[in-house]
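A short worksheet on the structure shown next.
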Amino acid sequence: MAKKQFKSESKRLLDLMINSIYTHKEIFLRELISNASDAIDKLCFLSLTDDKVGLSREDFRVFIKLDKENRELIIEDNGIGMDKDDLDKNLGTIASSGSYRFKQENEKADDIDIIGQFGVGFYSAFMVADKVDVLTKKYGADSAYVWSSSGADGYTIREADKDSVGTVVRLHIKEDTDNEHYSEFLEQYRISELVKKYSDYIRYPIMMDMSRTKAKEGTEDSEKPEYETVTERETLNSMVPIWQRPRKDVTDEEYEEFYHNKFMAFDKPAKVITTSVEGVVTYKALLYIPSKTPFDYYTKDYKKGLQLYSSGVLIMENCEELLPEHFRFVKGVVDSQDFSLNISREVLQRDHQLKTVANTLEKKIKNELSSLLKKDRETYEGFFNEFGRQLKYGIVSDYGMHKDNLKDLLMFPSSNSDKLTTLSEYLDRMPEEQKYIYFATGENADSISKLPQTEPVLNKGFEILYCVQDIDEFTLQTLAEYNGKQFRSVDSDDLGIEPETPEEAPEDSSDALKFVRDVLGDRVSEVIASKKLVSHPVCMTAKGGISFEMEKYFNAMQPEAGMKAQRCLELNMNHKAVKAMKDLIGKDDEKAKKYAEIFYNQALLIAGLPIEDPSGYADLVCELM
């Protein structure tokens with residue numbers, strides 16, 4: 001029997017497909033099961049019009065058998081089978097796909113679901129096998145044939161005996177090497193695991209004889225039961241994806257169980273989103289909004305993206321392109337036949353269908369979060385405490401491109417209450433005469449509420465948003481305004497607030513301010529008479545566009561950069577402590593200098609900034625006491 005050479009390409013092409021196209025060797029099982037499913041689809045489709053087939057949908061299945069002794073893995077189906085010409089055409093010509101041709105010829109058939117399109121998946125078997133035999137008999141044919149190959153050196157086809165229609169693919173698994181462990185593909189648990197991972201939603205049963213040890217009957221309750229090994233045929237796949245079932249037929253418990261099992265999550269999802277879209281791109285999606293951040297969420301190990309299926313076959317574990325960065329916390333699956341896959345079906349071609357789905361999912365997630373905020377405030381606040389930082393990063397990133405889409409999802413603590421507030425709620429509470437949306441930054445709400453700069457705003461009865469996360473101030477600066485109202489820091493010289501009663505102008509303060517400026521030197525950029533201090537003697541404000549919170553953030557991220565905000569010391573010239581210092585100037589300059597040092601250090605402490613010499617400051621306070 002003469003050996004034939006592969007028609008399409010040389011040994012180099014086959015080597016390329018075996019060693020380069022597929023990233024993971026385990027993919028071979030997905031490909032062979034997909035081919036078996038395609039073959040069954042063809043005969044199942046034919047059975048709708050041909051009574052002679054003698055099989056109904058319930059009769060079709062894929063069977064896997066392991067023979068560890070002979071190092072063989074066998075995948076058998078009762079699909080349409082192949083004749084000699086089919087074997088020569090489909091397996092003898094690399095990148096020739098019978099499934100693709102069948103799909104083209106039956107474009108109007110709704111009940112077929114062909115997975116294979118490229119005709120190269122079969123050859124992935126050679127990644128794990130040093131020899132492959134394909135025994136097959138085509139429906140309506142009298143003869144069966146065996147196609148055999150050990151790789152790129154060619155193949156043989158000979159006539160064989162087979163009673164039933166269908167195909168048996170027999171893989172002789174390679175021997176283990178120092179670098180590769182092929183024997184794992186002869187283990188029941190591993191095959192079961194791979195079927196569950198990649199082919200769980202193939203619509204026909206994938207069956208395998210599973211051996212297990214159990215106590216013999218009559219000895220179960222004895223102190224020393226006798227054991228025996230039994231073999232039972234089990235169905236490895238669930239066949240019907242949960243996202244393909246109508247939502248009314250799926251319980252909350254089932255959705256939650258799927259979330260836990262599929263994504264290794266331990267929290268209860270804050271929201272379950274189901275969507276089914278028909279149009280330019282037809283797809284179904286099942287998405288989950290977590291209620292707790294995964295332990296690795298803010299590490300490089302966390303992988304964003306949705307699982308992508310094509311006709312129930314897992315194509316990608318984490319398709320990043322389907323989620324924007326600001327919604328990277330979302331978990332879920334998308335199932336569609338409309339994506340353009342590359343030749344290995346492991347990655348997507350970047351095309352407009354993918355962008356269309358991604359844009360639609362982004363809008364869906366945003367709308368569901370908005371609905372959660374309105375209808376279940378407590379759950380949303382819990383979610384926001386976990387993932388609000390991510391939404392804020394989304395506003396700041398890409399030069400604020402996403403700010404209009406995300407701004408209504410934001411929440412901040414405020415001076416109004418202990419609970420979080422949205423920007424919309426803040427606006428609704430604003431008095432008519434209030435010009436700006438005020439905010440203040442600090443370590444926490446309690447420390448911010450005690451900042452001297454907040455007094456004039458709070459005294460007017462105006463609300464202040466508290467920026468307690470490092471990203472908050474960047475977020476508000478990126479937004480710039482909300483529904484026509486600008487954001488304004490309480491550190492600003494222009495708060496848009498008129499004093500209740502005109503204050504008496506203090507005596508000329510320029511000499512006192514110059515004195516303090518000379519004492520402090522380049523530790524401050526300027527010393528000014530404050531227009532915002534009421535009952536406090538001093539405060540420190542930042543100038544030049546970089547706030548103190550920004551300084552802390554940049555120094556934490558890039559300490560070598562030495563980023564520093566310009567320090568402006570503001571003095572309340574009407575405060576008795578400042579007046580006391582002023583009276584000392586020219587009379588006891590050394591003591592006046594000590595007052596200036598204390599004011600400077602007090603201002604740093606109030607602003608949450610480190611003082612340069614804590615011990616010296618403490619000694620100075622004690623000396624003046």
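Chain labels A, B, ... are given in the sequence in which chains occur in the structure tokens; within each chain residues are numbered consecutively from 1, and ligands are likewise numbered from 1 in the order shown.
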
Next item on the list: Pull the strand (DSSP E) assignments for range 159-293 of chain A out of DSSP run on the backbone, and list those residues as a PyMOL selection string.
Entry: chain A and resi 159-160+166-173+206-215+227-235+271-277+283-289

Margin query: Report as a list in words all protein, DNA and RNA residues lying within 8 Å of range 385-387 of chain A, evaluated on only C-alpha atoms, omitting residues in the same chain fewer than 5 positions from it.
Written below: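 Contacts, in chain order: Ser291, Lys292, Thr293 and Phe329 of chain A.
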
Once you have the residues from the selection above, write them out as a short mmCIF file (atom, residue, chain, number, x, y, z; two decimals), in the first residue's frame, restricted to C-alpha atoms.
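This is the output file selection28.cif:
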```cif
data_model
loop_
_atom_site.label_atom_id
_atom_site.label_comp_id
_atom_site.auth_asym_id
_atom_site.auth_seq_id
_atom_site.Cartn_x
_atom_site.Cartn_y
_atom_site.Cartn_z
CA SER A 291 -19.72 42.26 45.29
CA LYS A 292 -16.14 41.77 46.54
CA THR A 293 -12.78 42.48 44.95
CA PHE A 329 -14.16 43.63 37.33
#
```

Next item on the list: Go through A:Ala285, A:Ile74, A:Met550, A:Ile27 and flag the residue nearest Met563 in chain A, using only C-alpha atoms for the distances.
Entry: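 The closest residue to Met563 in chain A is A:Met550.
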
Check: Residues at most 9 Å from range 195-207 of chain A, counting only C-alpha atoms, excluding those fewer than 5 positions away in the same chain, as a ChimeraX atom specification?
Finding: /A:27,29-30,33-34,37,40,57-58,60-65,190,233-241,309,311-315

Notebook entry, point to check: Residues of range 244-460 of chain A in alpha helix (DSSP H) according to DSSP, as a ChimeraX atom specification?
Noted result: /A:252-263,352-375,377-396,403-406,423-429,445-449,455-459

Output file for the selection above: C-alpha atoms, as a PDB file, in the first residue's frame:
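Written file, result_25.pdb:
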```pdb
ATOM      1  CA  ASP A 252     -30.947  32.686  41.351  1.00  0.00           C
ATOM      2  CA  GLU A 253     -29.252  29.775  43.063  1.00  0.00           C
ATOM      3  CA  GLU A 254     -28.287  28.255  39.690  1.00  0.00           C
ATOM      4  CA  TYR A 255     -26.823  31.541  38.479  1.00  0.00           C
ATOM      5  CA  GLU A 256     -24.875  31.909  41.712  1.00  0.00           C
ATOM      6  CA  GLU A 257     -23.602  28.322  41.568  1.00  0.00           C
ATOM      7  CA  PHE A 258     -22.415  28.849  37.985  1.00  0.00           C
ATOM      8  CA  TYR A 259     -20.628  32.042  39.068  1.00  0.00           C
ATOM      9  CA  HIS A 260     -18.854  30.266  41.912  1.00  0.00           C
ATOM     10  CA  ASN A 261     -17.863  27.219  39.898  1.00  0.00           C
ATOM     11  CA  LYS A 262     -16.944  28.892  36.632  1.00  0.00           C
ATOM     12  CA  PHE A 263     -14.977  31.824  37.989  1.00  0.00           C
ATOM     13  CA  HIS A 352     -15.903  45.554  13.729  1.00  0.00           C
ATOM     14  CA  GLN A 353     -18.098  42.723  15.082  1.00  0.00           C
ATOM     15  CA  LEU A 354     -15.939  42.528  18.181  1.00  0.00           C
ATOM     16  CA  LYS A 355     -16.112  46.294  18.694  1.00  0.00           C
ATOM     17  CA  THR A 356     -19.864  46.242  18.196  1.00  0.00           C
ATOM     18  CA  VAL A 357     -20.364  43.649  20.912  1.00  0.00           C
ATOM     19  CA  ALA A 358     -17.919  45.407  23.251  1.00  0.00           C
ATOM     20  CA  ASN A 359     -19.743  48.736  22.858  1.00  0.00           C
ATOM     21  CA  THR A 360     -23.125  47.113  23.430  1.00  0.00           C
ATOM     22  CA  LEU A 361     -21.914  45.293  26.535  1.00  0.00           C
ATOM     23  CA  GLU A 362     -20.404  48.495  27.941  1.00  0.00           C
ATOM     24  CA  LYS A 363     -23.757  50.278  27.630  1.00  0.00           C
ATOM     25  CA  LYS A 364     -25.543  47.295  29.142  1.00  0.00           C
ATOM     26  CA  ILE A 365     -23.213  47.162  32.158  1.00  0.00           C
ATOM     27  CA  LYS A 366     -23.504  50.928  32.705  1.00  0.00           C
ATOM     28  CA  ASN A 367     -27.317  50.767  32.562  1.00  0.00           C
ATOM     29  CA  GLU A 368     -27.452  47.822  34.961  1.00  0.00           C
ATOM     30  CA  LEU A 369     -25.209  49.637  37.448  1.00  0.00           C
ATOM     31  CA  SER A 370     -27.407  52.729  37.195  1.00  0.00           C
ATOM     32  CA  SER A 371     -30.456  50.559  37.829  1.00  0.00           C
ATOM     33  CA  LEU A 372     -28.790  48.953  40.838  1.00  0.00           C
ATOM     34  CA  LEU A 373     -27.998  52.402  42.233  1.00  0.00           C
ATOM     35  CA  LYS A 374     -31.629  53.493  41.946  1.00  0.00           C
ATOM     36  CA  LYS A 375     -33.341  50.294  43.044  1.00  0.00           C
ATOM     37  CA  ARG A 377     -28.920  51.517  47.138  1.00  0.00           C
ATOM     38  CA  GLU A 378     -27.419  49.355  49.865  1.00  0.00           C
ATOM     39  CA  THR A 379     -26.082  46.760  47.422  1.00  0.00           C
ATOM     40  CA  TYR A 380     -24.727  49.461  45.121  1.00  0.00           C
ATOM     41  CA  GLU A 381     -22.917  51.218  47.950  1.00  0.00           C
ATOM     42  CA  GLY A 382     -21.336  47.907  48.911  1.00  0.00           C
ATOM     43  CA  PHE A 383     -20.253  47.419  45.298  1.00  0.00           C
ATOM     44  CA  PHE A 384     -18.922  50.967  45.091  1.00  0.00           C
ATOM     45  CA  ASN A 385     -16.860  50.580  48.233  1.00  0.00           C
ATOM     46  CA  GLU A 386     -15.165  47.642  46.501  1.00  0.00           C
ATOM     47  CA  PHE A 387     -14.865  48.914  42.910  1.00  0.00           C
ATOM     48  CA  GLY A 388     -15.471  52.667  43.040  1.00  0.00           C
ATOM     49  CA  ARG A 389     -11.760  53.319  42.691  1.00  0.00           C
ATOM     50  CA  GLN A 390     -11.846  51.437  39.362  1.00  0.00           C
ATOM     51  CA  LEU A 391     -14.648  53.674  38.061  1.00  0.00           C
ATOM     52  CA  LYS A 392     -12.665  56.751  39.074  1.00  0.00           C
ATOM     53  CA  TYR A 393      -9.604  55.457  37.246  1.00  0.00           C
ATOM     54  CA  GLY A 394     -11.893  55.042  34.249  1.00  0.00           C
ATOM     55  CA  ILE A 395     -12.760  58.738  34.343  1.00  0.00           C
ATOM     56  CA  VAL A 396      -9.142  59.847  34.612  1.00  0.00           C
ATOM     57  CA  LYS A 403     -16.130  60.648  32.003  1.00  0.00           C
ATOM     58  CA  ASP A 404     -19.629  61.343  30.675  1.00  0.00           C
ATOM     59  CA  ASN A 405     -20.432  57.642  30.741  1.00  0.00           C
ATOM     60  CA  LEU A 406     -19.245  57.134  34.318  1.00  0.00           C
ATOM     61  CA  LEU A 423     -23.094  64.105  42.280  1.00  0.00           C
ATOM     62  CA  SER A 424     -26.715  64.311  41.202  1.00  0.00           C
ATOM     63  CA  GLU A 425     -27.917  64.174  44.810  1.00  0.00           C
ATOM     64  CA  TYR A 426     -25.402  66.874  45.769  1.00  0.00           C
ATOM     65  CA  LEU A 427     -26.754  69.114  43.021  1.00  0.00           C
ATOM     66  CA  ASP A 428     -30.330  68.544  44.128  1.00  0.00           C
ATOM     67  CA  ARG A 429     -29.440  69.807  47.632  1.00  0.00           C
ATOM     68  CA  ALA A 445     -13.841  62.361  56.439  1.00  0.00           C
ATOM     69  CA  ASP A 446     -13.188  63.186  60.093  1.00  0.00           C
ATOM     70  CA  SER A 447      -9.848  64.874  59.450  1.00  0.00           C
ATOM     71  CA  ILE A 448     -11.222  66.782  56.454  1.00  0.00           C
ATOM     72  CA  SER A 449     -14.166  68.111  58.470  1.00  0.00           C
ATOM     73  CA  GLU A 455     -15.133  76.824  57.828  1.00  0.00           C
ATOM     74  CA  PRO A 456     -16.342  79.549  55.448  1.00  0.00           C
ATOM     75  CA  VAL A 457     -18.092  76.977  53.234  1.00  0.00           C
ATOM     76  CA  LEU A 458     -19.722  75.120  56.100  1.00  0.00           C
ATOM     77  CA  ASN A 459     -20.711  78.355  57.825  1.00  0.00           C
TER      78      ASN A 459
END
```

Next item on the list: Tell me, as a list of chain:residue names, which residues lie within 9 Å of Ser164 in chain A, counting only C-alpha atoms; anything in the same chain fewer than 4 positions away does not count.
Entry: A:Asn78, A:Thr136, A:Lys137, A:Lys138, A:Tyr139

Print the selection's residues with C-alpha atoms to a file, as a PDB file, in the first residue's frame.
```pdb
ATOM      1  CA  ASN A  78     -21.875   8.178  15.232  1.00  0.00           C
ATOM      2  CA  THR A 136     -14.630   5.722   9.328  1.00  0.00           C
ATOM      3  CA  LYS A 137     -17.715   4.661   7.419  1.00  0.00           C
ATOM      4  CA  LYS A 138     -19.874   7.165   5.614  1.00  0.00           C
ATOM      5  CA  TYR A 139     -23.660   7.113   5.765  1.00  0.00           C
TER       6      TYR A 139
END
```

Note to self: Can you measure CA of Asp153 in chain A to CA of Asp77 in chain A for me? One decimal in Å is fine.
What the structure shows: 27.1 Å

Note to self: as a PyMOL selection string, please: the residues near Ser535 in chain A (cut-off 12 Å, only C-alpha atoms, same-chain neighbours under 4 positions excluded).
What the structure shows: chain A and resi 450-456+459+530-531+539+571-578

Note to self: Calculated over only C-alpha atoms, which of the candidates A:Ala144, A:Val538, A:Val168, A:Ile242 has the smallest distance to Ala603 in chain A?
What the structure shows: A:Val538

Check: Which residue out of A:Asp83, A:Glu69, A:Glu317, A:Asp296 has the minimum interatomic distance to Leu135 in chain A when only C-alpha atoms are used?
Finding: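 For Leu135 in chain A, the nearest of the given residues is A:Asp83.
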